[in-house]
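With CSV, C-alpha atoms inside, this is run-v8.csv:
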chain,number,residue,atom,x,y,z
A,2,MET,CA,11.9,28.5,-27.5
A,3,LYS,CA,10.5,30.1,-30.6
A,4,TYR,CA,12.1,33.1,-32.3
A,5,SER,CA,9.3,35.5,-31.3
A,6,MET,CA,9.9,34.5,-27.7
A,7,ILE,CA,13.6,35.0,-28.0
A,8,ALA,CA,13.1,38.5,-29.5
A,9,SER,CA,10.9,39.4,-26.5
A,10,LEU,CA,13.6,38.1,-24.2
A,11,MET,CA,16.1,40.3,-26.0
A,12,LEU,CA,14.0,43.4,-25.4
A,13,SER,CA,13.7,42.7,-21.7
A,14,ILE,CA,17.4,42.4,-21.1
A,15,LEU,CA,19.0,45.2,-23.1
A,16,THR,CA,20.5,46.8,-20.1
A,17,PHE,CA,22.1,43.5,-19.0
A,18,THR,CA,23.8,43.0,-22.3
A,19,GLN,CA,24.7,46.6,-22.9
A,20,CYS,CA,23.3,46.5,-26.3
A,21,THR,CA,21.2,48.9,-28.4
A,22,LEU,CA,18.7,48.3,-31.1
A,23,GLU,CA,18.6,50.3,-34.3
A,24,LYS,CA,16.4,49.5,-37.3
A,25,ASP,CA,17.0,45.9,-38.3
A,26,SER,CA,20.2,45.7,-36.3
A,27,MET,CA,21.6,45.3,-32.7
A,28,THR,CA,24.9,46.6,-31.3
A,29,ILE,CA,26.6,44.9,-28.3
A,30,GLU,CA,29.4,46.6,-26.3
A,31,GLY,CA,31.9,44.8,-24.1
A,32,ILE,CA,35.5,43.7,-23.8
A,33,LEU,CA,36.9,41.7,-26.7
A,34,TYR,CA,38.4,38.4,-25.5
A,35,ALA,CA,41.3,38.6,-27.9
A,36,ASP,CA,43.0,41.7,-26.5
A,37,GLU,CA,40.8,42.8,-23.6
A,38,GLN,CA,40.0,46.1,-25.2
A,39,PRO,CA,36.6,47.8,-25.5
A,40,VAL,CA,34.6,46.8,-28.6
A,41,SER,CA,31.2,47.3,-30.1
A,42,ILE,CA,29.7,44.6,-32.5
A,43,THR,CA,26.8,45.4,-34.7
A,44,ILE,CA,24.6,42.5,-35.8
A,45,ALA,CA,22.0,42.3,-38.6
A,46,ASP,CA,20.2,39.4,-40.2
A,47,GLY,CA,22.1,37.0,-37.8
A,48,LYS,CA,25.6,38.1,-39.0
A,49,ILE,CA,28.3,40.4,-37.7
A,50,ILE,CA,28.3,43.5,-39.9
A,51,LYS,CA,30.5,45.9,-38.1
A,52,ILE,CA,33.2,45.8,-35.4
A,53,ASN,CA,34.1,49.2,-33.9
A,54,ARG,CA,37.3,49.4,-31.7
A,55,ASN,CA,37.3,53.1,-31.1
A,56,ILE,CA,34.5,53.3,-28.5
A,57,ARG,CA,34.1,54.8,-25.1
A,58,SER,CA,33.6,52.3,-22.3
A,59,ALA,CA,29.9,52.0,-21.5
A,60,ASP,CA,28.5,52.7,-18.0
A,61,GLY,CA,27.6,49.8,-15.8
A,62,PRO,CA,29.1,46.2,-15.7
A,63,GLN,CA,31.4,45.2,-18.5
A,64,TYR,CA,31.4,41.7,-19.9
A,65,TYR,CA,33.8,39.9,-22.1
A,66,ILE,CA,32.6,39.0,-25.6
A,67,ALA,CA,33.9,35.9,-27.5
A,68,PRO,CA,32.8,33.5,-30.1
A,69,GLY,CA,30.3,30.8,-29.0
A,70,LEU,CA,32.1,27.6,-27.9
A,71,ILE,CA,32.3,24.6,-30.2
A,72,ASP,CA,32.4,21.1,-28.9
A,73,ILE,CA,33.2,18.5,-31.6
A,74,GLN,CA,33.1,15.5,-29.3
A,75,ILE,CA,30.1,15.1,-27.1
A,76,ASN,CA,28.2,11.9,-26.6
A,77,GLY,CA,25.1,13.2,-24.8
A,78,TYR,CA,24.1,15.6,-22.1
A,79,ASN,CA,21.4,16.1,-19.4
A,80,GLY,CA,20.1,12.6,-19.7
A,81,VAL,CA,20.0,12.5,-23.5
A,82,ASP,CA,22.2,9.9,-25.3
A,83,PHE,CA,23.0,10.9,-28.9
A,84,ALA,CA,23.4,7.2,-29.9
A,85,ASP,CA,19.9,6.4,-28.8
A,86,PRO,CA,18.0,5.2,-31.9
A,87,ASP,CA,14.8,6.5,-30.3
A,88,LEU,CA,16.2,10.0,-30.0
A,89,THR,CA,13.5,12.7,-30.7
A,90,THR,CA,13.7,16.3,-31.7
A,91,GLU,CA,12.5,17.3,-28.2
A,92,ASP,CA,15.4,15.3,-26.7
A,93,LEU,CA,18.0,17.1,-28.8
A,94,LEU,CA,16.4,20.5,-28.3
A,95,LYS,CA,16.6,19.9,-24.6
A,96,VAL,CA,20.4,19.4,-24.9
A,97,VAL,CA,20.7,22.5,-27.2
A,98,LYS,CA,19.1,24.7,-24.6
A,99,ALA,CA,21.1,23.2,-21.8
A,100,LEU,CA,24.4,23.7,-23.6
A,101,TRP,CA,23.5,27.4,-24.3
A,102,GLU,CA,23.9,27.9,-20.6
A,103,ALA,CA,27.5,26.6,-20.8
A,104,GLY,CA,28.2,29.0,-23.8
A,105,VAL,CA,28.1,26.2,-26.4
A,106,THR,CA,26.5,27.4,-29.6
A,107,THR,CA,27.8,24.6,-31.9
A,108,PHE,CA,28.3,20.9,-31.0
A,109,ILE,CA,29.0,17.7,-32.9
A,110,PRO,CA,27.0,14.7,-31.6
A,111,THR,CA,29.2,11.6,-31.3
A,112,VAL,CA,28.0,8.1,-32.0
A,113,ILE,CA,30.3,5.4,-30.7
A,114,THR,CA,31.0,1.7,-31.3
A,115,ASN,CA,27.9,-0.5,-31.5
A,116,ASP,CA,26.4,-3.1,-33.8
A,117,HIS,CA,25.7,-2.1,-37.4
A,118,GLU,CA,21.9,-1.5,-37.2
A,119,HIS,CA,22.2,0.4,-34.0
A,120,ILE,CA,24.7,2.9,-35.4
A,121,LYS,CA,22.7,3.3,-38.6
A,122,ASN,CA,19.5,3.9,-36.7
A,123,SER,CA,21.3,6.4,-34.4
A,124,PHE,CA,22.3,8.5,-37.4
A,125,LYS,CA,18.8,8.3,-38.8
A,126,ALA,CA,17.4,9.6,-35.5
A,127,LEU,CA,20.0,12.4,-35.3
A,128,SER,CA,19.4,13.5,-38.9
A,129,SER,CA,15.7,13.6,-38.4
A,130,THR,CA,16.0,16.2,-35.7
A,131,LEU,CA,17.7,18.8,-37.9
A,132,SER,CA,14.4,20.0,-39.4
A,133,ASP,CA,14.2,22.1,-36.2
A,134,PRO,CA,16.0,25.4,-37.0
A,135,LEU,CA,17.5,25.8,-33.6
A,136,ILE,CA,19.0,22.3,-33.7
A,137,SER,CA,20.3,22.7,-37.2
A,138,MET,CA,22.1,25.9,-36.4
A,139,SER,CA,23.7,24.3,-33.4
A,140,VAL,CA,24.4,20.9,-34.9
A,141,PRO,CA,26.1,21.2,-38.3
A,142,CYS,CA,27.4,17.6,-38.6
A,143,PHE,CA,28.1,14.3,-36.7
A,144,HIS,CA,31.1,12.4,-35.4
A,145,LEU,CA,31.6,8.6,-35.7
A,146,GLU,CA,34.0,7.3,-33.0
A,147,GLY,CA,34.6,3.7,-33.8
A,148,PRO,CA,33.7,0.9,-34.5
A,149,TYR,CA,37.0,0.8,-36.5
A,150,ILE,CA,39.3,1.0,-33.5
A,151,SER,CA,41.7,-1.2,-31.5
A,152,PRO,CA,40.0,-4.2,-29.8
A,153,VAL,CA,42.9,-4.4,-27.3
A,154,LYS,CA,41.9,-3.8,-23.7
A,155,GLY,CA,42.9,-0.3,-22.6
A,156,PHE,CA,43.2,1.1,-26.1
A,157,ARG,CA,39.5,0.4,-26.8
A,158,GLY,CA,38.6,2.3,-23.6
A,159,ALA,CA,34.9,2.1,-22.8
A,160,HIS,CA,34.0,0.7,-26.2
A,161,LEU,CA,32.6,-2.8,-26.2
A,162,GLU,CA,35.0,-5.3,-27.8
A,163,LYS,CA,32.3,-7.4,-29.4
A,164,TYR,CA,31.2,-4.6,-31.6
A,165,ILE,CA,34.7,-3.5,-32.8
A,166,ARG,CA,35.5,-4.4,-36.4
A,167,LEU,CA,37.8,-3.7,-39.3
A,168,PRO,CA,37.3,-0.5,-41.3
A,169,ASP,CA,34.6,-1.1,-44.0
A,170,ILE,CA,34.1,1.5,-46.7
A,171,GLN,CA,30.7,0.1,-47.8
A,172,GLU,CA,29.5,0.0,-44.2
A,173,PHE,CA,30.6,3.6,-43.6
A,174,GLN,CA,28.7,4.6,-46.7
A,175,GLU,CA,25.5,3.1,-45.2
A,176,TYR,CA,26.1,5.3,-42.1
A,177,GLN,CA,26.6,8.3,-44.3
A,178,GLN,CA,23.3,7.6,-46.2
A,179,ALA,CA,21.5,7.2,-42.8
A,180,ALA,CA,23.0,10.5,-41.7
A,181,ASP,CA,22.1,12.3,-44.9
A,182,ASN,CA,25.9,12.7,-45.5
A,183,ARG,CA,26.4,14.7,-42.3
A,184,ILE,CA,29.2,12.6,-40.8
A,185,LYS,CA,32.0,15.0,-41.0
A,186,LEU,CA,34.5,13.4,-38.4
A,187,VAL,CA,35.4,9.8,-38.0
A,188,THR,CA,37.9,8.3,-35.4
A,189,VAL,CA,39.9,5.3,-36.7
A,190,ALA,CA,42.8,3.1,-35.4
A,191,PRO,CA,45.6,3.3,-38.1
A,192,GLU,CA,47.0,-0.1,-37.4
A,193,MET,CA,43.7,-1.9,-38.3
A,194,ASP,CA,43.8,-3.8,-41.6
A,195,GLY,CA,42.2,-1.7,-44.3
A,196,SER,CA,42.6,1.6,-42.4
A,197,ILE,CA,44.8,3.4,-44.9
A,198,ALA,CA,42.4,2.8,-47.8
A,199,PHE,CA,39.5,3.7,-45.5
A,200,ILE,CA,41.2,7.0,-44.5
A,201,ARG,CA,41.9,7.9,-48.1
A,202,ASN,CA,38.2,7.2,-49.0
A,203,CYS,CA,37.0,9.4,-46.2
A,204,VAL,CA,39.3,12.3,-47.0
A,205,GLU,CA,38.1,12.1,-50.7
A,206,GLN,CA,34.6,12.6,-49.3
A,207,ASP,CA,35.7,15.6,-47.3
A,208,VAL,CA,35.4,13.7,-44.0
A,209,VAL,CA,38.0,14.6,-41.4
A,210,VAL,CA,39.8,11.5,-40.1
A,211,SER,CA,41.1,11.5,-36.5
A,212,LEU,CA,43.4,8.8,-35.0
A,213,GLY,CA,42.1,7.4,-31.7
A,214,HIS,CA,41.7,4.4,-29.5
A,215,HIS,CA,44.7,2.9,-31.1
A,216,ASN,CA,48.2,1.5,-30.6
A,217,GLY,CA,49.7,2.6,-33.9
A,218,SER,CA,53.4,2.5,-34.5
A,219,VAL,CA,55.4,5.5,-35.9
A,220,GLU,CA,55.2,3.9,-39.4
A,221,GLU,CA,51.4,3.3,-39.1
A,222,ILE,CA,50.7,6.8,-37.8
A,223,THR,CA,52.9,8.3,-40.6
A,224,ARG,CA,51.1,6.3,-43.3
A,225,ALA,CA,47.7,7.4,-41.9
A,226,VAL,CA,48.8,11.1,-41.9
A,227,ASP,CA,50.2,10.7,-45.4
A,228,ALA,CA,46.7,9.3,-46.4
A,229,GLY,CA,45.0,12.4,-45.0
A,230,ALA,CA,44.4,11.9,-41.3
A,231,SER,CA,44.7,15.3,-39.6
A,232,MET,CA,43.7,14.9,-36.0
A,233,SER,CA,44.2,12.8,-32.9
A,234,THR,CA,41.1,12.0,-30.8
A,235,HIS,CA,41.4,12.8,-27.0
A,236,LEU,CA,45.2,12.3,-27.0
A,237,GLY,CA,46.4,10.5,-23.8
A,238,ASN,CA,43.0,8.8,-23.4
A,239,GLY,CA,41.8,5.7,-25.2
A,240,CYS,CA,45.3,4.4,-24.3
A,241,ALA,CA,46.4,1.4,-22.2
A,242,ASN,CA,47.7,2.2,-18.7
A,243,MET,CA,50.8,0.2,-19.3
A,244,ILE,CA,52.8,1.2,-22.4
A,245,ASN,CA,56.4,1.1,-23.5
A,246,ARG,CA,58.1,4.2,-22.4
A,247,HIS,CA,59.7,4.7,-25.8
A,248,LEU,CA,57.6,2.9,-28.4
A,249,ASN,CA,54.0,4.0,-27.8
A,250,PRO,CA,51.4,5.9,-29.8
A,251,ILE,CA,51.6,9.2,-27.9
A,252,TRP,CA,55.1,10.4,-28.9
A,253,PRO,CA,54.7,10.1,-32.7
A,254,GLN,CA,51.4,11.9,-32.6
A,255,LEU,CA,52.9,14.7,-30.6
A,256,ALA,CA,55.9,14.8,-33.0
A,257,GLU,CA,53.7,14.9,-36.1
A,258,ASP,CA,53.2,18.5,-37.0
A,259,ARG,CA,50.4,17.6,-39.4
A,260,LEU,CA,48.2,16.4,-36.6
A,261,SER,CA,46.0,18.6,-34.4
A,262,VAL,CA,45.2,17.0,-31.1
A,263,SER,CA,41.9,17.1,-29.1
A,264,ILE,CA,42.2,16.9,-25.4
A,265,ILE,CA,39.8,16.5,-22.5
A,266,ALA,CA,40.9,19.1,-20.0
A,267,ASP,CA,38.3,18.3,-17.3
A,268,GLY,CA,41.1,17.7,-14.8
A,269,PHE,CA,40.4,13.9,-14.5
A,270,HIS,CA,41.0,12.4,-18.0
A,271,LEU,CA,44.5,13.9,-18.1
A,272,THR,CA,46.8,15.2,-15.4
A,273,ARG,CA,47.8,18.8,-15.2
A,274,GLU,CA,51.3,17.9,-16.3
A,275,GLU,CA,50.1,16.0,-19.4
A,276,ILE,CA,47.9,18.9,-20.5
A,277,GLN,CA,50.9,21.3,-19.9
A,278,SER,CA,53.2,19.1,-22.0
A,279,PHE,CA,50.7,18.5,-24.8
A,280,TYR,CA,50.1,22.2,-25.1
A,281,LYS,CA,53.8,23.1,-25.1
A,282,VAL,CA,54.3,20.8,-28.0
A,283,LYS,CA,51.2,21.5,-30.1
A,284,GLY,CA,50.7,25.2,-29.1
A,285,ASP,CA,47.7,27.5,-29.7
A,286,ASN,CA,46.9,26.4,-33.3
A,287,LEU,CA,47.0,22.6,-33.1
A,288,THR,CA,45.2,22.1,-29.7
A,289,ILE,CA,41.5,21.5,-29.6
A,290,LEU,CA,39.4,21.3,-26.4
A,291,ILE,CA,36.6,18.8,-26.3
A,292,SER,CA,34.3,17.7,-23.4
A,293,ASP,CA,33.7,14.1,-24.3
A,294,ALA,CA,30.6,14.5,-22.1
A,295,ILE,CA,28.1,11.6,-22.0
A,296,ASP,CA,24.4,11.6,-21.4
A,297,LEU,CA,24.9,11.5,-17.6
A,298,ALA,CA,26.6,14.9,-17.6
A,299,GLY,CA,24.3,17.4,-15.9
A,300,LEU,CA,22.5,14.7,-13.8
A,301,PRO,CA,22.8,14.0,-10.0
A,302,PRO,CA,25.7,11.8,-9.0
A,303,GLY,CA,25.0,8.1,-8.5
A,304,GLU,CA,24.8,4.7,-10.2
A,305,TYR,CA,23.0,4.4,-13.5
A,306,VAL,CA,22.4,1.5,-15.9
A,307,ARG,CA,23.2,2.2,-19.5
A,308,GLY,CA,22.8,-0.6,-22.0
A,309,GLU,CA,24.7,-3.6,-20.7
A,310,ARG,CA,26.6,-2.0,-18.0
A,311,THR,CA,26.4,-0.1,-14.7
A,312,ILE,CA,28.0,3.4,-14.7
A,313,LEU,CA,29.0,5.5,-11.7
A,314,LEU,CA,28.6,9.2,-12.1
A,315,THR,CA,30.7,11.2,-9.6
A,316,PRO,CA,30.5,15.0,-9.3
A,317,ASP,CA,33.6,15.1,-11.5
A,318,VAL,CA,33.7,12.2,-14.0
A,319,VAL,CA,31.9,9.1,-15.2
A,320,LYS,CA,33.4,5.6,-14.6
A,321,TYR,CA,32.7,1.9,-15.3
A,322,PRO,CA,33.5,0.7,-11.8
A,323,ALA,CA,33.6,-3.0,-12.8
A,324,GLU,CA,36.2,-2.4,-15.4
A,325,ASN,CA,38.0,0.5,-13.7
A,326,VAL,CA,38.0,2.6,-16.8
A,327,LEU,CA,36.6,6.1,-17.5
A,328,ALA,CA,33.3,6.1,-19.4
A,329,GLY,CA,33.3,9.8,-20.3
A,330,ALA,CA,33.2,13.3,-18.9
A,331,ALA,CA,30.6,14.9,-16.6
A,332,SER,CA,31.4,18.5,-17.5
A,333,PRO,CA,30.6,20.7,-20.5
A,334,ILE,CA,33.5,22.3,-22.4
A,335,ASN,CA,33.5,25.6,-20.6
A,336,LYS,CA,35.1,23.8,-17.7
A,337,CYS,CA,37.9,22.7,-20.0
A,338,VAL,CA,38.4,26.3,-21.1
A,339,ASN,CA,38.8,27.3,-17.4
A,340,ASN,CA,41.2,24.5,-16.7
A,341,MET,CA,43.3,25.2,-19.7
A,342,MET,CA,44.1,28.7,-18.4
A,343,GLN,CA,44.7,27.5,-14.9
A,344,PHE,CA,46.9,24.5,-15.9
A,345,THR,CA,49.0,26.1,-18.6
A,346,GLY,CA,48.9,29.8,-18.0
A,347,CYS,CA,47.7,30.4,-21.5
A,348,SER,CA,45.9,33.5,-22.4
A,349,LEU,CA,42.1,33.9,-22.4
A,350,GLU,CA,42.3,34.3,-26.2
A,351,SER,CA,44.2,31.0,-26.6
A,352,ALA,CA,41.9,29.0,-24.4
A,353,ILE,CA,38.8,30.3,-26.1
A,354,ASN,CA,40.2,29.7,-29.6
A,355,MET,CA,41.0,26.1,-28.7
A,356,ALA,CA,37.2,25.7,-28.2
A,357,SER,CA,36.0,27.9,-31.1
A,358,ALA,CA,38.3,28.9,-33.9
A,359,ASN,CA,40.5,25.7,-33.9
A,360,PRO,CA,37.6,23.2,-34.1
A,361,ALA,CA,35.8,25.3,-36.6
A,362,ARG,CA,38.9,25.5,-38.8
A,363,ILE,CA,39.6,21.7,-38.8
A,364,LEU,CA,36.0,20.8,-39.6
A,365,GLY,CA,35.6,23.6,-42.2
A,366,LEU,CA,32.8,25.3,-40.2
A,367,ASN,CA,33.3,28.5,-42.0
A,368,GLU,CA,30.4,30.5,-40.6
A,369,VAL,CA,31.3,30.2,-36.9
A,370,GLY,CA,34.2,30.2,-34.5
A,371,GLU,CA,35.5,33.8,-35.0
A,372,ILE,CA,34.4,37.4,-34.5
A,373,LYS,CA,34.7,38.8,-38.0
A,374,ASN,CA,32.5,40.7,-40.4
A,375,GLY,CA,30.3,38.3,-42.3
A,376,LYS,CA,30.5,35.5,-39.7
A,377,ARG,CA,27.4,34.3,-38.0
A,378,ALA,CA,26.7,36.1,-34.8
A,379,ASP,CA,27.2,33.3,-32.4
A,380,LEU,CA,28.6,35.0,-29.3
A,381,ILE,CA,29.0,34.6,-25.6
A,382,LEU,CA,29.1,37.3,-22.9
A,383,PHE,CA,30.9,36.4,-19.7
A,384,THR,CA,32.7,37.5,-16.6
A,385,LEU,CA,36.2,36.4,-15.8
A,386,LYS,CA,37.5,35.8,-12.3
A,387,ASP,CA,40.5,33.7,-11.2
A,388,ASN,CA,40.8,32.3,-14.7
A,389,GLU,CA,37.2,31.1,-14.7
A,390,ILE,CA,34.6,32.3,-17.1
A,391,GLU,CA,31.0,32.6,-16.0
A,392,ILE,CA,28.5,32.7,-18.9
A,393,ARG,CA,26.1,35.6,-18.6
A,394,GLN,CA,24.6,35.5,-22.0
A,395,THR,CA,24.6,33.4,-25.2
A,396,ILE,CA,23.7,34.7,-28.6
A,397,LEU,CA,22.9,32.3,-31.5
A,398,ASN,CA,22.5,33.7,-35.0
A,399,GLY,CA,22.1,37.2,-33.6
A,400,GLU,CA,19.4,36.2,-31.1
A,401,VAL,CA,19.7,36.1,-27.3
A,402,VAL,CA,19.0,32.4,-26.4
A,403,TYR,CA,20.3,32.4,-22.8
A,404,GLN,CA,20.8,35.0,-20.1
Written form, structure tokens:
Amino acid sequence: MKYSMIASLMLSILTFTQCTLEKDSMTIEGILYADEQPVSITIADGKIIKINRNIRSADGPQYYIAPGLIDIQINGYNGVDFADPDLTTEDLLKVVKALWEAGVTTFIPTVITNDHEHIKNSFKALSSTLSDPLISMSVPCFHLEGPYISPVKGFRGAHLEKYIRLPDIQEFQEYQQAADNRIKLVTVAPEMDGSIAFIRNCVEQDVVVSLGHHNGSVEEITRAVDAGASMSTHLGNGCANMINRHLNPIWPQLAEDRLSVSIIADGFHLTREEIQSFYKVKGDNLTILISDAIDLAGLPPGEYVRGERTILLTPDVVKYPAENVLAGAASPINKCVNNMMQFTGCSLESAINMASANPARILGLNEVGEIKNGKRADLILFTLKDNEIEIRQTILNGEVVYQ
């Protein structure tokens, strides 16, 4: 959708959004998600320029206003695999538009464990799509999950063992070069030989290191955090079903206050009780919601062949039936926001921030994630019923892109 078309769409739905246009600016009225009080937000040149809290409630339906959602771990969507070396601009633009419907204005494509050339070509393909302005505004950087993870069954999850290898700084630099230095997040197992030096090297390059798909001990996790690791990737997943009740990688990551944790709150990757417990320990500021959706998300349920394996897509989740392991999520991140409120009883503000302000902060995405003067006007308007948000409108860089 071109910007001229988006502008025309805006003019046709002003009543719906309860916004007014003045010269070179737009004002939106609604209910601020943070305190559920009336607010008007004035936008100009794609940025928030004024927030007025002393307003009279507008006539007609009232919608909540919040920052656009940010998903920092998503492998694909709507039939498009981000690790496909033949990925095109049209493919990624298809995903961008589909995710707008779920309220996602920023997402980080994830490339997982594979052979060297495949990973390198995947990042080349992703990077080539960013010449499109709508994609580049929605996709600020990339995530490499593996191949420097545990090869042990269970801990490696759905990653193919034959492609797992030790951390290699030179190899990673080749990936960065292919990605035009846009790899901002990398998931690593701290117990792998060479991982600590690798983590330090990444942090020196301003790359965020997350611990995942690992069986690290307390000492190994501590050394990794001392070296600069600051996050845990989908805590509770990428973990063997049978673990020692005392000595396992979950407790030390929960106990480590320097680690934020990302969790998949789709209702299937983790139990309600796990989500409740993780949230009680990490709280509002150190919890990050991710979808971990794969390319089958958004498609009809059934069996699909992907690469070397058959995958089963159910209405709720994606599985490798032959291996009895989860292959990824089938839902976008807005479902995780809904579940977080239902499972934990947290506030709307907290749930939204776990999928906006928190991921923006840890990745240094300073333009987005908050409703503040000077921030980019990436906003969602939605209704809220029974702790479920329903996206009514998505605004990207001050332009209505979905309604």
Under the rule of at most 12 Å, produce a per-residue listing of range 128-174 of chain A near range 368-382 of chain A: chain, number, name, the closest pair of atoms, and the distance in Å, as a Markdown table, using only C-alpha atoms.
| residue | atom | partner | partner_atom | distance |
| --- | --- | --- | --- | --- |
| A:Met138 | CA | A:Asp379 | CA | 9.8 |
| A:Ser139 | CA | A:Asp379 | CA | 9.7 |
| A:Val140 | CA | A:Val369 | CA | 11.8 |
| A:Pro141 | CA | A:Val369 | CA | 10.5 |
Which residue of A:Asp36, A:Asp293, A:Asp387, A:Glu175 approaches Thr234 in chain A most closely, using all atoms listed in the file: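 Once distances to Thr234 in chain A are computed over all atoms listed in the file, the minimum belongs to A:Asp293.
Between CA of Ile66 in chain A and CA of Leu33 in chain A lies a distance of 5.2 Å.
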Can you tell me how far CA of Ala225 in chain A sits from CA of Pro191 in chain A, in Å to one decimal? 6.0 Å
Between A:Lys185, A:Ala358, A:Leu385, A:Arg310, single out the one closest to Asn339 in chain A, counting all atoms listed in the file.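 Among the listed residues, the smallest separation from Asn339 in chain A belongs to A:Leu385.
Minimum atom-to-atom distances from A:Trp252, A:Leu290, A:His117, A:Glu309 to Ile353 in chain A were compared using all atoms listed in the file, and the lowest value belongs to A:Leu290.
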Would you kindly return, as JSON, numbers by chain, each protein, DNA or RNA residue with an atom no farther than 8 Å from any atom of Val282 in chain A, considering all atoms listed in the file and excluding same-chain residues fewer than 2 positions away? {"A": [255, 256, 278, 279, 280, 284]}
From the list A:Arg393, A:Arg54, A:His235, A:Arg362, which residue is nearest Gly158 in chain A when using only C-alpha atoms? A:His235
To one decimal place in Å, what is the distance between CA of Arg273 in chain A and CA of Asn79 in chain A?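 These two atoms are separated by 26.9 Å.
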In terms of only C-alpha atoms, the residue from A:Met341, A:Ile150, A:Val97, A:Ala331 at minimal distance from Lys281 in chain A is A:Met341
